[in-house]
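Novice: mmCIF, C-alpha atoms, saved as run-v2.cif, coming up:
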```
data_final
#
loop_
_atom_site.label_atom_id
_atom_site.label_comp_id
_atom_site.auth_asym_id
_atom_site.auth_seq_id
_atom_site.Cartn_x
_atom_site.Cartn_y
_atom_site.Cartn_z
CA MET A 264 -5.18 28.13 31.23
CA ASP A 265 -1.62 29.38 31.09
CA GLU A 266 -0.03 27.48 28.24
CA GLN A 267 3.40 27.78 29.85
CA LYS A 268 2.20 25.60 32.69
CA THR A 269 0.82 22.83 30.50
CA PRO A 270 3.26 19.95 30.67
CA LYS A 271 4.28 18.92 27.18
CA LYS A 272 5.71 15.60 26.23
CA VAL A 273 8.94 15.57 24.35
CA VAL A 274 8.58 13.66 21.11
CA VAL A 275 11.37 11.25 20.21
CA VAL A 276 11.86 10.31 16.56
CA PRO A 277 14.52 7.72 15.72
CA CYS A 278 15.52 6.94 12.15
CA SER A 279 15.30 3.16 12.74
CA GLY A 280 17.54 2.64 9.71
CA ILE A 281 17.33 -0.95 8.53
CA GLY A 282 20.67 -1.33 6.78
CA LYS A 283 23.16 -0.61 9.53
CA SER A 284 23.66 -1.25 13.24
CA TYR A 285 23.58 2.47 13.96
CA GLY A 286 19.97 2.60 12.80
CA ALA A 287 19.11 -0.21 15.18
CA VAL A 288 20.86 1.71 17.97
CA SER A 289 18.71 4.76 17.23
CA ARG A 290 15.59 2.64 17.57
CA GLU A 291 16.71 0.98 20.80
CA ALA A 292 17.76 4.34 22.28
CA ALA A 293 14.29 5.71 21.59
CA TYR A 294 12.79 2.79 23.50
CA VAL A 295 15.23 3.30 26.39
CA ILE A 296 14.18 6.95 26.61
CA THR A 297 10.43 6.46 26.28
CA GLU A 298 10.08 3.21 28.26
CA ASP A 299 12.89 3.20 30.83
CA LEU A 300 14.25 6.67 31.54
CA ARG A 301 11.45 9.17 30.92
CA PRO A 302 8.21 7.29 30.19
CA GLU A 303 6.05 10.10 31.59
CA ALA A 304 7.80 12.88 29.75
CA ALA A 305 8.67 11.42 26.37
CA GLN A 306 6.69 9.80 23.59
CA LEU A 307 7.71 7.94 20.47
CA VAL A 308 6.50 8.93 17.01
CA ALA A 309 6.96 6.54 14.10
CA LEU A 310 9.08 8.01 11.32
CA SER A 311 7.17 6.15 8.62
CA MET A 312 4.05 8.11 9.56
CA LEU A 313 5.95 11.36 9.16
CA VAL A 314 7.14 10.25 5.74
CA LEU A 315 3.51 10.14 4.69
CA GLY A 316 2.68 13.33 6.58
CA GLU A 317 0.06 11.45 8.59
CA GLU A 318 -1.99 13.95 10.59
CA SER A 319 -1.55 12.64 14.15
CA ALA A 320 2.22 12.37 13.66
CA ARG A 321 2.38 15.88 12.18
CA ARG A 322 0.43 17.28 15.11
CA ALA A 323 2.72 15.52 17.60
CA VAL A 324 5.91 16.96 16.13
CA ALA A 325 4.43 20.38 15.43
CA GLY A 326 3.05 20.81 18.92
CA ASN A 327 5.84 19.44 21.08
CA PRO A 328 9.59 19.74 21.45
CA VAL A 329 11.28 17.03 19.39
CA ILE A 330 14.47 15.03 19.79
CA THR A 331 15.69 13.26 16.66
CA ILE A 332 18.09 10.33 16.64
CA ASP A 333 19.83 9.54 13.36
CA GLY A 334 22.01 6.60 12.44
CA CYS A 335 23.83 8.12 9.49
CA LYS A 336 24.74 11.44 7.94
CA LEU A 337 21.65 11.43 5.73
CA ALA A 338 19.74 12.45 8.87
CA CYS A 339 16.35 11.16 7.73
CA ALA A 340 14.68 11.67 11.12
CA SER A 341 15.77 15.29 11.39
CA LYS A 342 14.81 16.05 7.81
CA MET A 343 11.35 14.50 8.16
CA VAL A 344 10.61 16.34 11.40
CA LYS A 345 11.60 19.66 9.84
CA GLU A 346 9.56 18.84 6.76
CA ASN A 347 6.53 18.36 9.00
CA GLY A 348 6.97 21.65 10.84
CA GLY A 349 8.53 20.23 13.99
CA LYS A 350 10.71 22.17 16.39
CA ILE A 351 13.81 20.13 17.14
CA VAL A 352 15.36 20.79 20.53
CA GLN A 353 18.14 18.26 20.08
CA GLU A 354 19.48 16.38 17.05
CA ILE A 355 21.69 13.53 18.01
CA ASP A 356 23.73 11.32 15.74
CA VAL A 357 24.53 7.77 16.86
CA LEU A 358 27.97 8.01 15.24
CA ASP A 359 28.86 11.02 17.39
CA VAL A 360 27.89 9.14 20.52
CA TYR A 361 29.93 6.17 19.36
CA ARG A 362 32.97 8.43 18.93
CA ARG A 363 32.58 9.32 22.61
CA HIS A 364 32.05 5.68 23.61
CA LYS A 365 34.37 3.62 21.46
CA GLU A 366 34.10 0.83 24.00
CA TYR A 367 30.54 0.16 22.81
CA LYS A 368 30.88 -1.15 19.25
CA PRO A 369 27.43 -1.94 17.85
CA GLN A 370 26.89 -5.07 15.78
CA GLY A 371 23.76 -6.70 14.41
CA ILE A 372 20.58 -5.05 13.19
CA GLY A 373 17.66 -7.29 14.10
CA GLN A 374 19.41 -8.31 17.28
CA LEU A 375 21.86 -5.76 18.65
CA ASN A 376 24.90 -7.03 20.49
CA GLU A 377 25.73 -5.94 24.03
CA GLY A 378 27.86 -3.07 22.71
CA GLY A 379 24.92 -1.78 20.71
CA LEU A 380 22.58 -1.97 23.69
CA GLN A 381 25.10 -0.12 25.86
CA LEU A 382 25.59 2.52 23.18
CA ALA A 383 21.81 3.02 23.01
CA LYS A 384 21.73 3.48 26.76
CA ALA A 385 24.59 5.98 26.66
CA LEU A 386 22.82 7.95 23.95
CA ALA A 387 19.55 7.91 25.88
CA GLU A 388 21.32 9.25 28.96
CA GLU A 389 22.78 12.08 26.90
CA VAL A 390 19.36 13.37 25.90
CA THR A 391 17.57 13.13 29.25
CA PRO A 392 18.81 16.57 30.40
CA THR A 393 17.11 18.07 27.34
CA ILE A 394 13.88 16.28 28.19
CA ASP A 395 14.06 17.40 31.79
CA SER A 396 14.71 20.94 30.69
CA CYS A 397 11.76 20.96 28.29
CA THR A 398 9.31 19.41 30.72
CA SER A 399 10.28 21.53 33.69
CA ALA A 400 9.97 24.61 31.49
CA GLY A 401 6.49 23.48 30.47
CA GLN A 402 5.56 23.12 34.13
CA GLY A 403 6.90 26.55 34.97
CA GLY A 404 10.09 25.13 36.45
CA SER A 405 13.32 26.96 36.99
CA ASN A 406 15.13 25.60 33.93
CA ALA A 407 13.12 27.67 31.50
CA MET B 25 24.89 -4.73 -23.08
CA PRO B 26 26.53 -3.56 -19.84
CA ASP B 27 26.75 -5.87 -16.90
CA LEU B 28 24.48 -3.79 -14.69
CA PRO B 29 23.25 -5.04 -11.33
CA ARG B 30 21.41 -8.34 -11.61
CA LYS B 31 17.70 -8.42 -11.10
CA LYS B 32 16.95 -8.25 -7.42
CA VAL B 33 13.78 -7.62 -5.48
CA GLY B 34 13.52 -4.57 -3.24
CA ILE B 35 12.00 -4.85 0.21
CA VAL B 36 10.68 -1.79 1.99
CA ALA B 37 9.49 -2.30 5.57
CA CYS B 38 7.49 0.32 7.46
CA SER B 39 9.52 -0.44 10.64
CA GLY B 40 6.85 1.41 12.66
CA GLU B 41 8.29 1.95 16.13
CA GLU B 42 5.01 2.33 18.02
CA LEU B 43 3.42 -0.99 17.12
CA ALA B 44 4.62 -4.56 17.59
CA GLU B 45 3.57 -5.19 13.99
CA GLY B 46 6.07 -2.52 12.91
CA THR B 47 8.86 -4.49 14.54
CA VAL B 48 7.52 -7.61 12.83
CA THR B 49 7.95 -5.94 9.42
CA ARG B 50 11.51 -4.98 10.25
CA LEU B 51 12.59 -8.37 11.56
CA ALA B 52 10.83 -10.22 8.75
CA ALA B 53 12.53 -8.05 6.13
CA LEU B 54 15.91 -8.64 7.78
CA LYS B 55 15.29 -12.38 7.88
CA VAL B 56 14.66 -12.43 4.14
CA LEU B 57 17.63 -10.16 3.41
CA GLU B 58 20.09 -12.04 5.61
CA GLN B 59 18.87 -15.64 5.67
CA LEU B 60 16.10 -16.61 3.26
CA ARG B 61 17.01 -14.76 0.03
CA PRO B 62 20.29 -12.91 0.68
CA GLY B 63 21.51 -12.77 -2.92
CA ASP B 64 18.18 -11.86 -4.40
CA THR B 65 17.05 -8.96 -2.26
CA VAL B 66 17.99 -5.42 -1.39
CA THR B 67 16.45 -2.88 0.93
CA ILE B 68 16.25 0.84 1.48
CA CYS B 69 15.14 2.95 4.42
CA LEU B 70 11.64 4.28 3.73
CA PRO B 71 12.39 7.96 4.57
CA LEU B 72 15.16 8.04 1.97
CA PHE B 73 12.49 8.38 -0.71
CA LEU B 74 12.10 11.92 0.64
CA ALA B 75 15.37 12.59 2.41
CA GLY B 76 17.65 11.00 -0.17
CA GLY B 77 18.52 11.80 -3.75
CA GLU B 78 17.06 10.91 -7.13
CA GLY B 79 18.91 7.60 -7.08
CA ASP B 80 17.02 6.64 -3.93
CA ARG B 81 13.72 7.68 -5.47
CA ALA B 82 14.47 5.45 -8.47
CA PHE B 83 14.58 2.42 -6.16
CA ALA B 84 11.11 0.95 -6.77
CA LYS B 85 11.37 1.63 -10.47
CA PHE B 86 14.69 -0.15 -10.79
CA TYR B 87 13.80 -3.04 -8.46
CA PRO B 88 10.38 -4.70 -8.34
CA THR B 89 9.57 -3.88 -4.73
CA ILE B 90 7.61 -5.55 -1.95
CA ALA B 91 6.15 -3.15 0.60
CA VAL B 92 5.76 -4.70 4.06
CA ASP B 93 3.38 -2.89 6.38
CA GLY B 94 2.36 -3.43 9.97
CA CYS B 95 -1.04 -1.80 9.97
CA GLU B 96 -3.84 -0.43 7.84
CA LEU B 97 -2.11 2.90 7.30
CA HIS B 98 0.12 1.11 4.77
CA CYS B 99 2.88 3.71 5.19
CA ALA B 100 5.45 1.65 3.27
CA ARG B 101 3.17 0.89 0.34
CA ARG B 102 1.76 4.38 0.05
CA ALA B 103 5.05 6.21 0.52
CA THR B 104 6.81 3.95 -1.97
CA GLU B 105 4.11 4.60 -4.54
CA MET B 106 4.00 8.32 -3.78
CA TYR B 107 7.72 9.03 -3.91
CA SER B 108 9.31 6.20 -5.92
CA SER B 109 7.10 3.90 -7.96
CA LYS B 110 4.19 1.54 -7.41
CA PRO B 111 5.36 -1.49 -5.43
CA ALA B 112 5.13 -4.77 -7.30
CA ALA B 113 3.55 -6.39 -4.22
CA SER B 114 2.24 -5.40 -0.83
CA ILE B 115 2.13 -7.52 2.33
CA MET B 116 0.37 -6.54 5.54
CA VAL B 117 1.35 -8.16 8.83
CA ARG B 118 -2.15 -8.17 10.30
CA GLU B 119 -3.51 -10.01 7.28
CA VAL B 120 -0.78 -12.65 7.48
CA ILE B 121 -1.47 -13.06 11.20
CA ALA B 122 -5.18 -13.56 10.56
CA GLU B 123 -4.58 -16.05 7.75
CA ASN B 124 -2.19 -18.11 9.87
CA GLY B 125 -4.20 -17.99 13.09
CA ILE B 126 -1.30 -16.45 15.00
CA GLY B 127 -1.88 -14.63 18.30
CA GLN B 128 -1.56 -10.91 18.83
CA PRO B 129 2.03 -9.60 18.67
CA ALA B 130 2.95 -7.40 21.61
CA ASN B 131 5.86 -5.30 22.80
CA PRO B 132 7.60 -3.66 19.85
CA ARG B 133 10.90 -3.56 21.70
CA HIS B 134 11.01 -7.23 22.65
CA LEU B 135 8.45 -9.17 20.64
CA ASN B 136 6.41 -11.82 22.42
CA THR B 137 6.11 -15.39 21.11
CA ALA B 138 3.21 -14.53 18.81
CA GLY B 139 5.27 -11.66 17.42
CA MET B 140 8.18 -13.97 16.62
CA GLN B 141 5.78 -16.43 14.96
CA ALA B 142 4.48 -13.54 12.91
CA VAL B 143 8.05 -12.66 11.88
CA ASP B 144 8.53 -16.18 10.52
CA ALA B 145 5.17 -16.21 8.72
CA VAL B 146 5.68 -12.78 7.16
CA ALA B 147 9.27 -13.58 6.19
CA ASN B 148 8.12 -16.75 4.44
CA ARG B 149 5.41 -14.82 2.61
CA VAL B 150 7.94 -12.21 1.51
CA ALA B 151 10.38 -14.92 0.34
CA GLU B 152 7.63 -16.62 -1.70
CA THR B 153 6.78 -13.27 -3.26
CA VAL B 154 10.46 -12.67 -4.04
CA ASP B 155 10.53 -15.97 -5.93
CA GLU B 156 7.42 -15.04 -7.87
CA LEU B 157 8.81 -11.63 -8.79
CA LEU B 158 12.15 -13.05 -9.87
CA GLY B 159 10.24 -15.21 -12.32
CA THR B 160 8.63 -12.24 -13.97
CA ALA B 161 9.94 -9.68 -16.38
CA TRP B 162 10.39 -6.18 -15.03
CA ASP B 163 10.68 -3.04 -17.13
CA ARG B 164 13.03 -0.57 -15.45
CA ARG B 165 11.93 2.20 -17.79
CA THR B 166 8.39 2.15 -16.51
CA GLY B 167 8.72 0.38 -13.17
CA SER B 168 6.15 -2.23 -14.11
CA PHE B 169 5.79 -5.78 -15.39
CA VAL B 170 6.24 -6.39 -19.11
CA GLU B 171 4.97 -8.93 -21.56
CA LEU B 172 7.28 -11.88 -22.12
CA GLU B 173 7.98 -11.08 -25.77
CA THR B 174 9.85 -7.91 -24.74
CA VAL B 175 12.03 -9.60 -22.13
CA SER B 176 15.01 -9.60 -24.46
CA THR B 177 15.79 -6.03 -23.42
CA ALA B 178 16.37 -7.01 -19.78
CA PRO B 179 20.03 -7.09 -18.71
CA SER B 180 21.72 -10.47 -18.54
CA VAL B 181 22.48 -11.65 -15.03
CA GLU B 182 24.88 -13.97 -13.30
CA PRO B 183 24.14 -15.65 -9.98
CA GLU B 184 25.70 -14.14 -6.90
CA THR B 185 26.63 -15.78 -3.63
CA GLU B 186 26.46 -12.73 -1.40
CA LYS B 187 25.28 -13.64 2.10
CA VAL B 188 24.80 -10.31 3.80
CA ALA B 189 21.85 -7.97 3.90
CA THR B 190 22.23 -5.53 1.03
CA CYS B 191 21.38 -2.00 1.96
CA SER B 192 20.81 0.77 -0.54
CA CYS B 193 20.86 3.54 2.06
CA GLY B 194 22.53 6.58 0.59
CA SER B 195 23.74 4.79 -2.49
CA GLY B 196 20.55 4.26 -4.47
CA ILE B 197 20.68 3.72 -8.18
CA PRO B 198 23.36 5.82 -9.88
CA VAL B 199 21.77 8.56 -11.95
CA GLN B 200 23.10 11.40 -14.09
CA LYS B 201 21.43 14.60 -15.18
CA VAL B 202 21.82 15.73 -18.77
CA GLN B 203 20.37 18.54 -20.85
CA ILE B 204 18.11 17.37 -23.67
CA ASN B 205 16.63 20.06 -25.89
CA GLY B 206 17.16 22.66 -23.20
CA ARG B 207 15.60 20.75 -20.32
CA GLU B 208 17.18 18.72 -17.56
CA VAL B 209 16.62 14.97 -17.76
CA THR B 210 17.67 12.44 -15.13
CA LEU B 211 18.95 9.20 -16.62
CA ILE B 212 18.89 6.11 -14.43
CA ALA B 213 22.04 3.96 -14.50
CA LEU B 214 23.94 6.18 -16.95
CA PRO B 215 27.11 6.27 -14.79
CA LEU B 216 27.09 2.45 -14.70
CA ILE B 217 26.64 2.24 -18.46
CA PHE B 218 29.58 4.58 -19.06
CA GLN B 219 31.71 2.78 -16.50
CA GLN B 220 31.05 -0.57 -18.12
CA LEU B 221 31.87 0.72 -21.60
CA ARG B 222 35.14 2.17 -20.36
CA GLU B 223 36.01 -1.06 -18.56
CA ASP B 224 35.38 -2.85 -21.86
CA GLY B 225 38.09 -0.64 -23.36
CA LYS B 226 35.74 1.35 -25.57
CA GLN B 227 36.91 4.87 -26.37
CA PRO B 228 34.37 7.54 -27.35
CA ALA B 229 35.36 7.03 -30.99
CA ASP B 230 34.50 3.31 -30.69
CA VAL B 231 30.88 3.78 -29.72
CA THR B 232 28.00 5.23 -31.66
CA GLY B 233 25.22 7.42 -30.44
CA GLN B 234 22.77 4.70 -31.42
CA GLU B 235 24.61 2.11 -29.30
CA LEU B 236 24.45 4.42 -26.30
CA LEU B 237 20.83 5.26 -26.92
CA ASP B 238 19.84 1.60 -27.19
CA THR B 239 21.42 0.86 -23.82
CA VAL B 240 20.05 3.95 -22.10
CA ARG B 241 16.59 3.07 -23.37
CA ILE B 242 16.62 -0.17 -21.40
CA TYR B 243 16.40 1.83 -18.20
CA ASN B 244 14.84 5.12 -19.25
CA PRO B 245 11.92 6.31 -21.34
CA VAL B 246 12.97 8.26 -24.41
CA ALA B 247 10.28 10.39 -26.01
CA ALA B 248 9.62 9.87 -29.68
CA GLY B 249 11.29 12.54 -31.79
CA GLU B 250 14.06 13.17 -29.29
CA GLU B 251 16.37 10.37 -30.38
CA ASP B 252 18.76 12.63 -32.28
CA ALA B 253 19.20 14.92 -29.29
CA TYR B 254 19.79 11.92 -27.03
CA ARG B 255 22.40 10.42 -29.38
CA ALA B 256 24.36 13.67 -29.52
CA VAL B 257 24.19 14.35 -25.80
CA LEU B 258 25.10 10.79 -24.84
CA LEU B 259 28.18 10.87 -27.06
CA GLN B 260 29.18 14.21 -25.56
CA GLU B 261 28.66 12.95 -22.02
CA TYR B 262 30.60 9.73 -22.65
CA ASP B 263 33.46 11.75 -24.07
CA ALA B 264 33.43 13.94 -20.91
CA PHE B 265 33.24 10.82 -18.72
CA CYS B 266 36.30 9.30 -20.40
CA ARG B 267 38.28 12.55 -20.21
CA LYS B 268 37.49 12.86 -16.52
CA GLY B 269 38.79 9.39 -15.86
CA LYS B 270 42.14 9.98 -17.60
CA PRO B 271 45.16 10.56 -15.39
CA ALA B 272 46.39 14.20 -15.48
#
```
Could you render the structure from this file as structure tokens?
Specialist:
Amino acid sequence: MDEQKTPKKVVVVPCSGIGKSYGAVSREAAYVITEDLRPEAAQLVALSMLVLGEESARRAVAGNPVITIDGCKLACASKMVKENGGKIVQEIDVLDVYRRHKEYKPQGIGQLNEGGLQLAKALAEEVTPTIDSCTSAGQGGSNA
Amino acid sequence: MPDLPRKKVGIVACSGEELAEGTVTRLAALKVLEQLRPGDTVTICLPLFLAGGEGDRAFAKFYPTIAVDGCELHCARRATEMYSSKPAASIMVREVIAENGIGQPANPRHLNTAGMQAVDAVANRVAETVDELLGTAWDRRTGSFVELETVSTAPSVEPETEKVATCSCGSGIPVQKVQINGREVTLIALPLIFQQLREDGKQPADVTGQELLDTVRIYNPVAAGEEDAYRAVLLQEYDAFCRKGKPA
């Protein structure tokens, strides 16, 4: 089988930081991507499993294009994916998206406010072109 | 003795995104941090043990820590032990669910009713464990419980009234590296010790190497036979700390 024509899922790894709203936005954005916008093309991988180097999580990031979503400059998601041999096709920082969408001020961690939910949606929409590009390339599409 | 951070309990949740139980750990931890025991608890993001600095890795040694896991992989417990120090306690959502006869949590993004019941049950379990741990003596040198007769070395604490979740992301425990007998040693809390001494108005000439060593020893192991080297280096470092803080 021609490997180029095997559709690959894009792996999404959010930081899910627990101390700040931006971490909660990263988590929500990952759900928006994998459940609402591109459920067939994207899959979620839990960061905690990558911290431990758990085999199924390592395989997922090593064998698929990866999008990381980080809530602060420490970039835990990106660092962990790289540590586990993953190929990151897009690193996105919630703070950068917020700078572009100042109207969506996130508040809350366990329960994001409306601004946080909108920011997560805006972030998710920013990464869908990357997912589309990766998946159409995997299917031998014209975006390769 | 310096007025270092009061004894708090660390909470590390797995926050697993793929399972509803992962969301339960996250929301339960937040409930304890923000509502049930806000002044007594602190948290840190699990990946910081690897992605952060030495201060982050000192977390579970400095704070007796409760690992809260969603499933049998025990990512929080194992990663905390592997990269920081053995957690003082470990709580698993599925076990709490079984013990309380709660239904199966579903939908990690928007927990169902059983999931929210599990959040309450796990949060209560964590809060009870916090209370138990606050009643025990914790040795920050070794990251383990100590016998009561040695409790006198623990720092004195004053109650706080803080009512927000305390996050250690990126801040960790302040550490400083020093050279002892030609090798690099990381000393937990040394910047805080120096800061406190300076705030107390003590100049380098006012403190002795033994005084510094006694305080450093509360938080760090000091190998037998190296005391002289520690005394000299600590005096040197405190002198450098005070010079650095002087206006030009």
Novice: Have a look at A:Thr297, A:Ser284, A:Ser311, A:Asn347 and name the one nearest to chain B; count all atoms listed in the file.
Specialist: A:Ser311
Novice: How would you write as an MDAnalysis selection string the residues that get within 12 Å of (32.6, 3.5, -19.8) in the file's frame, counting all atoms listed in the file?
Specialist: chainID B and resid 25:27 213:228 230:231 236 258:259 261:270
Novice: Compile the residues of chain B that lie within 7 Å of chain A, evaluated using all atoms listed in the file, and express the compilation as number ranges by chain.
Specialist: B: 38, 40-42, 51, 54, 69-72, 75, 99, 103, 133, 191, 193
Novice: Translate the PyMOL selection byres ((chain B and resi 142) around 8) into a concrete residue list for this structure, as a ChimeraX atom specification.
Specialist: /B:48,117,120-121,126,129,138-141,143-146
Novice: Could you tell me, as a PyMOL selection string, exactly which residues end up selected when the PyMOL selection byres ((chain B and resi 85-95) around 7) is applied to this structure?
Specialist: chain B and resi 32-38+45-46+49+82-84+96-101+108-109+111-118+162+164+166-167
